[in-house]
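What follows is one structure encoded as structure tokens, with my remarks underneath.
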Amino acid sequence: MKNSEIWVAFFTILTREIRRFTRIWPQTLLPPAITMTLYFAIFGNLIGSRIGQMGGFSYMEYIVPGLIMMSVITNSYSNVSSSFFSAKFQHSIQELLVSPTPNWVILLGYVLGGVARGLLVGLVVTILSLFFTNLLVENLLLTVLVVFLTAIMFSLGGFVNALYAQSFDDVSIIPTFVLTPLTYLGGVFYSIDLLPDFWQSLSLLNPVLYMVNAFRFGILGVSDIDAYWALVMISVFILVLFSYSLHLLEKGKGIRN
Amino acid sequence: MTYAIEIRDLKKQYENGFEALKGINLKVKKGDFFALLGPNGAGKSTAIGILSSLVNKSSGSVSIFGVDIDQDFAKAKKYLGVVPQEFNFNVFETVFNVVVTQAGFYGIKRPLAMERAEKYLKLLDLWDKKDTQSRMLSGGMKRRLMIARALIHEPEVLILDEPTAGVDIELRRSMWEFIKKLNEQGTTIILTTHYLEEAEQLCRNIAIINSGEIVENTSVSALLKTLNQETFILDLDNPLPNGWGVAGFSVAFDETSCSAEVEVVKGQSLNAIFSALSEQSINVLSMRNKSNRLEELFVKLVKGK
């Protein structure tokens, strides 16, 4: 394919993905908005006012970056895993497979579709958070970079999940039993300084901790870990997951006989 | 000579050990109307799957318009349009979007894609349904949508896998008229079907595949010439007398339907039967083949007779 044709194919996949999640907005955009509003109201306002300060900030200010990141992570992941698996399930993925679109374009199109949803939900949650607290961004470039790279990473994770998935159960197992615990234990609601030494060390093995803290560092300027180390780690994860996804696509894992 | 499709020693063994293709060789000329026939599980869909990249081959080579799929599959795919047996479009997309999106996957820019979508949806009588979600279409409309989608990049070869399965007679006829016109305009057509009268009427060349092997590959006319015996059914106005017969013919009479089943060997003339019936003042009201001629050959070939 010529470069111009590759661009058209990529744009087609991306716009189709955006059209999909905006068409079903009551399933994709509304639930995180409602859930996060409840988090802000209950944890931030009601309980947070009794907790006092954390890391030098009010509890509400402390959890907002974590909750934004949590929305980005879950939505980027689930967008790609559910969209790609649905295409597999109803065989419409064959439309793409019979076309000359290169595998890396298919991967990029789906991943950026997931990134688009993750970022849009992140934006909605950010706007909602402004009703509860003032959000002053300490380092805009780092904040944007961390959220963008995290969305890419979890979109890639969703893609691998969808390739391996053979049923709708397989699509929900990873988010329920892996992603949610990692996110809740990834410093969204607390600083790991509060944990005993053992659990603190164990928390350092959780990749979500690095992303949440790097994002928090970008907004508030405080973090449990080195934000730049987090950027390196996310980038390595992206490279590994991208290469692995491409390898699976080339092999036809789950999509070709 | 460059063929539309050239398959050499193509083998496919699935992970469970099942050998779906045992080294088939096949050439389809440009502009041909070609039938690929075979019983269920013979390997037709596997062969089509390999051509369209939905199935990975185990060994052998495949060229589409001279382009080896191992060398440049992307280029080879541009020559090919596939209408699969099962509906495989996004059922939540509108008819128009299904077709325009497919054009995008081939790198066709949106203005041209929209122009072509209008052209093919109108030709296939789907234009008034362009804003309908594709899941709301009838079975026949869904089949036509898949044809429109396969044509959106104007391929040189169109593969139709059981396109008329479950389609009513009127629609089937209009579909074939459309496909015939496409073929007349130069598109190579490869067809799989279980309706052998369709293959006999439409196709010029034929390959019969059985248990992963090509058991016949010739022109339809040449194949029909090999038919040694045909069975005709004659509907009569009066029953045949007991013990009635004509030398050299095998005749069986069915009293319930008042019809005679006559086996005619190649070279024999039915005139002898008509004369003998006329002597008995029995009129032939109508006459037909007991089964489709190609069907008789097909059954013999796949049974290895």
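Simple scheme: letters A, B, ... for chains in structure tokens order, numbers from 1 for residues in each chain, numbers from 1 for ligands in the order shown.
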
Considering only C-alpha atoms, give me a table of residues in range 61-130 of chain A that are at most 9 Å from range 154-166 of chain A, with the closest atom pair and distance in Å for each, as a tab-separated table.
residue	atom	partner	partner_atom	distance
A:Val72	CA	A:Phe154	CA	8.7
A:Ile73	CA	A:Phe154	CA	6.0
A:Thr74	CA	A:Phe154	CA	7.8
A:Asn75	CA	A:Ser155	CA	8.5
A:Ser76	CA	A:Ser155	CA	5.0
A:Tyr77	CA	A:Gly158	CA	4.5
A:Ser78	CA	A:Gly158	CA	6.2
A:Asn79	CA	A:Ser155	CA	7.5
A:Val80	CA	A:Gly158	CA	5.3
A:Ser81	CA	A:Gly158	CA	4.3
A:Ser82	CA	A:Ala162	CA	7.1
A:Ser83	CA	A:Ala162	CA	8.4
A:Phe84	CA	A:Ala162	CA	6.0
A:Phe85	CA	A:Ala162	CA	5.0
A:Ser86	CA	A:Ala162	CA	8.8
A:Lys88	CA	A:Ala162	CA	8.4
A:Phe89	CA	A:Gln166	CA	8.4
A:Leu107	CA	A:Phe159	CA	8.0
A:Tyr110	CA	A:Phe159	CA	7.8
A:Val111	CA	A:Ser155	CA	5.2
A:Leu112	CA	A:Ser155	CA	7.7
A:Gly113	CA	A:Ser155	CA	8.4
A:Gly114	CA	A:Ser155	CA	5.4
A:Val115	CA	A:Ser155	CA	6.5
A:Gly118	CA	A:Ser155	CA	8.7

As an mmCIF file with all heavy atoms, in the first residue's frame, could you give me every residue of chain A near chain B (at most 7 Å apart, counting only C-alpha atoms)?
data_model
loop_
_atom_site.group_PDB
_atom_site.id
_atom_site.type_symbol
_atom_site.label_atom_id
_atom_site.label_comp_id
_atom_site.auth_asym_id
_atom_site.auth_seq_id
_atom_site.Cartn_x
_atom_site.Cartn_y
_atom_site.Cartn_z
ATOM 1 N N MET A 1 0.845 -1.205 0.000
ATOM 2 C CA MET A 1 0.000 0.000 0.000
ATOM 3 C C MET A 1 0.873 1.244 0.000
ATOM 4 O O MET A 1 1.909 1.277 0.670
ATOM 5 C CB MET A 1 -0.880 0.027 1.257
ATOM 6 C CG MET A 1 -2.129 -0.798 1.186
ATOM 7 S SD MET A 1 -3.057 -0.692 2.754
ATOM 8 C CE MET A 1 -4.493 0.224 2.244
ATOM 9 N N GLU A 5 -2.518 5.612 1.106
ATOM 10 C CA GLU A 5 -3.542 4.579 1.319
ATOM 11 C C GLU A 5 -3.480 4.054 2.758
ATOM 12 O O GLU A 5 -4.515 3.787 3.378
ATOM 13 C CB GLU A 5 -3.334 3.421 0.340
ATOM 14 C CG GLU A 5 -3.632 3.802 -1.103
ATOM 15 C CD GLU A 5 -3.251 2.716 -2.086
ATOM 16 O OE1 GLU A 5 -2.343 1.913 -1.779
ATOM 17 O OE2 GLU A 5 -3.842 2.679 -3.177
ATOM 18 N N ILE A 6 -2.263 3.936 3.266
ATOM 19 C CA ILE A 6 -2.088 3.473 4.648
ATOM 20 C C ILE A 6 -2.733 4.473 5.610
ATOM 21 O O ILE A 6 -3.424 4.108 6.561
ATOM 22 C CB ILE A 6 -0.585 3.286 4.976
ATOM 23 C CG1 ILE A 6 -0.085 2.010 4.285
ATOM 24 C CG2 ILE A 6 -0.335 3.199 6.479
ATOM 25 C CD1 ILE A 6 1.387 1.755 4.414
ATOM 26 N N VAL A 8 -5.237 6.479 4.926
ATOM 27 C CA VAL A 8 -6.697 6.362 4.804
ATOM 28 C C VAL A 8 -7.193 5.163 5.625
ATOM 29 O O VAL A 8 -8.173 5.264 6.363
ATOM 30 C CB VAL A 8 -7.126 6.212 3.317
ATOM 31 C CG1 VAL A 8 -8.606 5.859 3.209
ATOM 32 C CG2 VAL A 8 -6.843 7.480 2.535
ATOM 33 N N ALA A 9 -6.476 4.023 5.510
ATOM 34 C CA ALA A 9 -6.881 2.818 6.240
ATOM 35 C C ALA A 9 -6.818 3.063 7.753
ATOM 36 O O ALA A 9 -7.747 2.697 8.485
ATOM 37 C CB ALA A 9 -5.982 1.650 5.858
ATOM 38 N N THR A 12 -9.576 5.317 8.816
ATOM 39 C CA THR A 12 -10.865 4.609 8.766
ATOM 40 C C THR A 12 -11.073 3.785 10.038
ATOM 41 O O THR A 12 -12.157 3.807 10.636
ATOM 42 C CB THR A 12 -10.913 3.668 7.535
ATOM 43 O OG1 THR A 12 -10.672 4.449 6.371
ATOM 44 C CG2 THR A 12 -12.253 2.972 7.409
ATOM 45 N N GLN A 90 -18.261 -11.600 15.916
ATOM 46 C CA GLN A 90 -19.231 -11.556 14.809
ATOM 47 C C GLN A 90 -18.523 -11.647 13.452
ATOM 48 O O GLN A 90 -19.122 -11.384 12.417
ATOM 49 C CB GLN A 90 -20.148 -10.334 14.901
ATOM 50 C CG GLN A 90 -19.446 -9.004 14.949
ATOM 51 C CD GLN A 90 -20.440 -7.843 14.966
ATOM 52 O OE1 GLN A 90 -21.525 -7.933 14.424
ATOM 53 N NE2 GLN A 90 -20.053 -6.753 15.587
ATOM 54 N N HIS A 91 -17.260 -12.021 13.467
ATOM 55 C CA HIS A 91 -16.453 -12.251 12.261
ATOM 56 C C HIS A 91 -16.231 -11.011 11.410
ATOM 57 O O HIS A 91 -15.728 -11.112 10.291
ATOM 58 C CB HIS A 91 -17.054 -13.362 11.390
ATOM 59 C CG HIS A 91 -17.208 -14.662 12.106
ATOM 60 N ND1 HIS A 91 -16.142 -15.372 12.599
ATOM 61 C CD2 HIS A 91 -18.311 -15.373 12.449
ATOM 62 C CE1 HIS A 91 -16.571 -16.464 13.200
ATOM 63 N NE2 HIS A 91 -17.892 -16.482 13.140
ATOM 64 N N SER A 92 -16.632 -9.831 11.897
ATOM 65 C CA SER A 92 -16.437 -8.643 11.075
ATOM 66 C C SER A 92 -14.956 -8.255 11.001
ATOM 67 O O SER A 92 -14.570 -7.449 10.168
ATOM 68 C CB SER A 92 -17.279 -7.469 11.583
ATOM 69 O OG SER A 92 -16.888 -7.119 12.888
ATOM 70 N N GLU A 95 -13.325 -8.401 7.613
ATOM 71 C CA GLU A 95 -13.334 -7.263 6.675
ATOM 72 C C GLU A 95 -11.939 -6.654 6.596
ATOM 73 O O GLU A 95 -11.489 -6.239 5.535
ATOM 74 C CB GLU A 95 -14.320 -6.190 7.162
ATOM 75 C CG GLU A 95 -15.772 -6.593 7.131
ATOM 76 C CD GLU A 95 -16.685 -5.477 7.625
ATOM 77 O OE1 GLU A 95 -16.266 -4.692 8.491
ATOM 78 O OE2 GLU A 95 -17.820 -5.394 7.120
ATOM 79 N N LEU A 96 -11.296 -6.570 7.754
ATOM 80 C CA LEU A 96 -9.951 -5.990 7.800
ATOM 81 C C LEU A 96 -8.898 -6.977 7.323
ATOM 82 O O LEU A 96 -7.965 -6.607 6.619
ATOM 83 C CB LEU A 96 -9.630 -5.598 9.244
ATOM 84 C CG LEU A 96 -9.732 -4.133 9.600
ATOM 85 C CD1 LEU A 96 -9.563 -3.952 11.089
ATOM 86 C CD2 LEU A 96 -8.685 -3.311 8.872
ATOM 87 N N LEU A 97 -9.075 -8.232 7.722
ATOM 88 C CA LEU A 97 -8.046 -9.226 7.406
ATOM 89 C C LEU A 97 -7.935 -9.493 5.905
ATOM 90 O O LEU A 97 -6.843 -9.766 5.416
ATOM 91 C CB LEU A 97 -8.323 -10.537 8.152
ATOM 92 C CG LEU A 97 -8.330 -10.447 9.674
ATOM 93 C CD1 LEU A 97 -8.611 -11.804 10.298
ATOM 94 C CD2 LEU A 97 -7.006 -9.911 10.198
ATOM 95 N N VAL A 98 -9.052 -9.427 5.179
ATOM 96 C CA VAL A 98 -8.974 -9.676 3.732
ATOM 97 C C VAL A 98 -8.447 -8.450 2.978
ATOM 98 O O VAL A 98 -8.079 -8.555 1.816
ATOM 99 C CB VAL A 98 -10.340 -10.099 3.115
ATOM 100 C CG1 VAL A 98 -10.870 -11.352 3.760
ATOM 101 C CG2 VAL A 98 -11.374 -8.982 3.193
ATOM 102 N N SER A 99 -8.404 -7.318 3.648
ATOM 103 C CA SER A 99 -7.940 -6.091 2.996
ATOM 104 C C SER A 99 -6.408 -6.009 3.039
ATOM 105 O O SER A 99 -5.773 -6.719 3.814
ATOM 106 C CB SER A 99 -8.541 -4.871 3.699
ATOM 107 O OG SER A 99 -7.810 -4.597 4.876
ATOM 108 N N PRO A 100 -5.825 -5.123 2.235
ATOM 109 C CA PRO A 100 -4.351 -5.026 2.252
ATOM 110 C C PRO A 100 -3.795 -4.213 3.419
ATOM 111 O O PRO A 100 -2.597 -3.981 3.483
ATOM 112 C CB PRO A 100 -4.044 -4.339 0.918
ATOM 113 C CG PRO A 100 -5.282 -3.627 0.523
ATOM 114 C CD PRO A 100 -6.430 -4.308 1.170
ATOM 115 N N THR A 101 -4.661 -3.789 4.345
ATOM 116 C CA THR A 101 -4.181 -2.998 5.490
ATOM 117 C C THR A 101 -3.109 -3.768 6.265
ATOM 118 O O THR A 101 -3.363 -4.896 6.713
ATOM 119 C CB THR A 101 -5.354 -2.686 6.451
ATOM 120 O OG1 THR A 101 -6.403 -2.086 5.696
ATOM 121 C CG2 THR A 101 -4.922 -1.745 7.557
ATOM 122 N N ARG A 256 -6.883 -16.130 12.714
ATOM 123 C CA ARG A 256 -6.698 -16.913 11.483
ATOM 124 C C ARG A 256 -6.545 -18.382 11.851
ATOM 125 O O ARG A 256 -5.961 -18.697 12.880
ATOM 126 C CB ARG A 256 -5.431 -16.468 10.731
ATOM 127 C CG ARG A 256 -5.571 -15.143 10.033
ATOM 128 C CD ARG A 256 -4.394 -14.903 9.102
ATOM 129 N NE ARG A 256 -4.612 -13.728 8.291
ATOM 130 C CZ ARG A 256 -4.114 -12.533 8.586
ATOM 131 N NH1 ARG A 256 -3.367 -12.377 9.645
ATOM 132 N NH2 ARG A 256 -4.354 -11.502 7.813
ATOM 133 N N ASN A 257 -7.013 -19.262 10.985
ATOM 134 C CA ASN A 257 -6.848 -20.693 11.241
ATOM 135 C C ASN A 257 -5.455 -21.142 10.864
ATOM 136 O O ASN A 257 -4.975 -20.854 9.799
ATOM 137 C CB ASN A 257 -7.859 -21.490 10.427
ATOM 138 C CG ASN A 257 -9.230 -21.433 11.054
ATOM 139 O OD1 ASN A 257 -9.377 -21.647 12.249
ATOM 140 N ND2 ASN A 257 -10.232 -21.122 10.267
#

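Put simply, CA of Ile159 in chain B is 17.5 Å away from CA of Asn25 in chain B.
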
Which is closest to Lys22 in chain B among B:Ala35, B:Ile214, B:Ile190, B:Met114, if we use only C-alpha atoms? B:Ile214

Just asking: which residues within range 85-251 of chain B are strand (DSSP E or B) according to DSSP, as JSON, numbers by chain? {"B": [94, 133, 157, 158, 159, 160, 161, 188, 189, 190, 191, 192, 205, 206, 207, 208, 209, 210, 213, 214, 215, 216, 217, 218, 219, 229, 230, 231, 232, 233, 234, 235, 236, 250, 251]}

Write to file, as a PDB file, in the first residue's frame, the residues of the selection just made, with C-alpha atoms.
ATOM      1  CA  THR B  94     -25.526   1.241   8.634  1.00  0.00           C
ATOM      2  CA  GLN B 133     -28.602  -0.727  10.443  1.00  0.00           C
ATOM      3  CA  VAL B 157     -11.427 -11.541  -9.131  1.00  0.00           C
ATOM      4  CA  LEU B 158     -14.636 -12.030  -7.192  1.00  0.00           C
ATOM      5  CA  ILE B 159     -14.962 -15.147  -5.035  1.00  0.00           C
ATOM      6  CA  LEU B 160     -18.494 -16.051  -4.021  1.00  0.00           C
ATOM      7  CA  ASP B 161     -18.789 -18.768  -1.397  1.00  0.00           C
ATOM      8  CA  THR B 188     -13.122 -13.227 -13.044  1.00  0.00           C
ATOM      9  CA  ILE B 189     -15.731 -15.070 -11.005  1.00  0.00           C
ATOM     10  CA  ILE B 190     -15.024 -18.031  -8.758  1.00  0.00           C
ATOM     11  CA  LEU B 191     -18.088 -19.654  -7.320  1.00  0.00           C
ATOM     12  CA  THR B 192     -18.825 -22.376  -4.841  1.00  0.00           C
ATOM     13  CA  ASN B 205     -14.787 -24.190 -16.133  1.00  0.00           C
ATOM     14  CA  ILE B 206     -15.030 -26.329 -13.102  1.00  0.00           C
ATOM     15  CA  ALA B 207     -12.973 -28.042 -10.440  1.00  0.00           C
ATOM     16  CA  ILE B 208     -14.339 -30.678  -8.121  1.00  0.00           C
ATOM     17  CA  ILE B 209     -12.582 -31.086  -4.831  1.00  0.00           C
ATOM     18  CA  ASN B 210     -13.045 -34.042  -2.539  1.00  0.00           C
ATOM     19  CA  GLU B 213      -7.846 -33.344  -3.504  1.00  0.00           C
ATOM     20  CA  ILE B 214      -8.903 -32.079  -6.911  1.00  0.00           C
ATOM     21  CA  VAL B 215     -10.713 -34.992  -8.525  1.00  0.00           C
ATOM     22  CA  GLU B 216     -11.707 -33.153 -11.717  1.00  0.00           C
ATOM     23  CA  ASN B 217     -10.634 -29.914 -13.361  1.00  0.00           C
ATOM     24  CA  THR B 218     -11.956 -29.208 -16.823  1.00  0.00           C
ATOM     25  CA  SER B 219     -14.542 -27.214 -18.759  1.00  0.00           C
ATOM     26  CA  GLN B 229     -25.969 -42.248 -19.161  1.00  0.00           C
ATOM     27  CA  GLU B 230     -28.900 -39.964 -18.417  1.00  0.00           C
ATOM     28  CA  THR B 231     -32.202 -40.787 -16.818  1.00  0.00           C
ATOM     29  CA  PHE B 232     -35.341 -39.141 -18.171  1.00  0.00           C
ATOM     30  CA  ILE B 233     -38.785 -39.115 -16.660  1.00  0.00           C
ATOM     31  CA  LEU B 234     -41.688 -39.182 -19.118  1.00  0.00           C
ATOM     32  CA  ASP B 235     -45.133 -38.182 -17.830  1.00  0.00           C
ATOM     33  CA  LEU B 236     -47.720 -40.219 -19.739  1.00  0.00           C
ATOM     34  CA  SER B 250     -34.170 -49.871 -19.222  1.00  0.00           C
ATOM     35  CA  VAL B 251     -37.680 -48.613 -18.480  1.00  0.00           C
TER      36      VAL B 251
END

Could you tell me how far CA of Phe189 in chain A sits from CA of Gly48 in chain A, in Å to one decimal place? 10.1 Å

Rounded to one decimal place, report the CA of Leu246 in chain A-CA of Leu108 in chain A distance in Å. 9.8 Å

Considering only C-alpha atoms, return as a PyMOL selection string whatever protein or nucleic-acid residues lie within 12 Å of Glu279 in chain B, sequence-local ones (same chain, fewer than 6 positions apart) excluded. chain B and resi 240-241+244+246+272-273

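The shortest atom-to-atom distance to Glu156 in chain B, with only C-alpha atoms taken into account, belongs to B:Gly186 out of B:Val95, B:Leu26, B:Gly60, B:Gly186.
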
For Val208 in chain A, list every protein, DNA or RNA residue within 7 Å, evaluated using only C-alpha atoms, and leave out those in the same chain fewer than 6 positions away; present the list as a PyMOL selection string. chain A and resi 182-183+186

Using only C-alpha atoms, which residues sit within 9 Å of Leu145 in chain A once same-chain residues fewer than 4 positions away are excluded, as a list in words? Leu140, Leu141, Leu149, Thr150, Phe215 and Leu231 of chain A

For the structure I just gave you, how does DSSP split range 18-263 of chain B - specifically, which residues are alpha helix (DSSP H)? Reply as a PyMOL selection string. chain B and resi 44-51+69-78+95-105+110-123+139-151+169-184+196-202+220-225
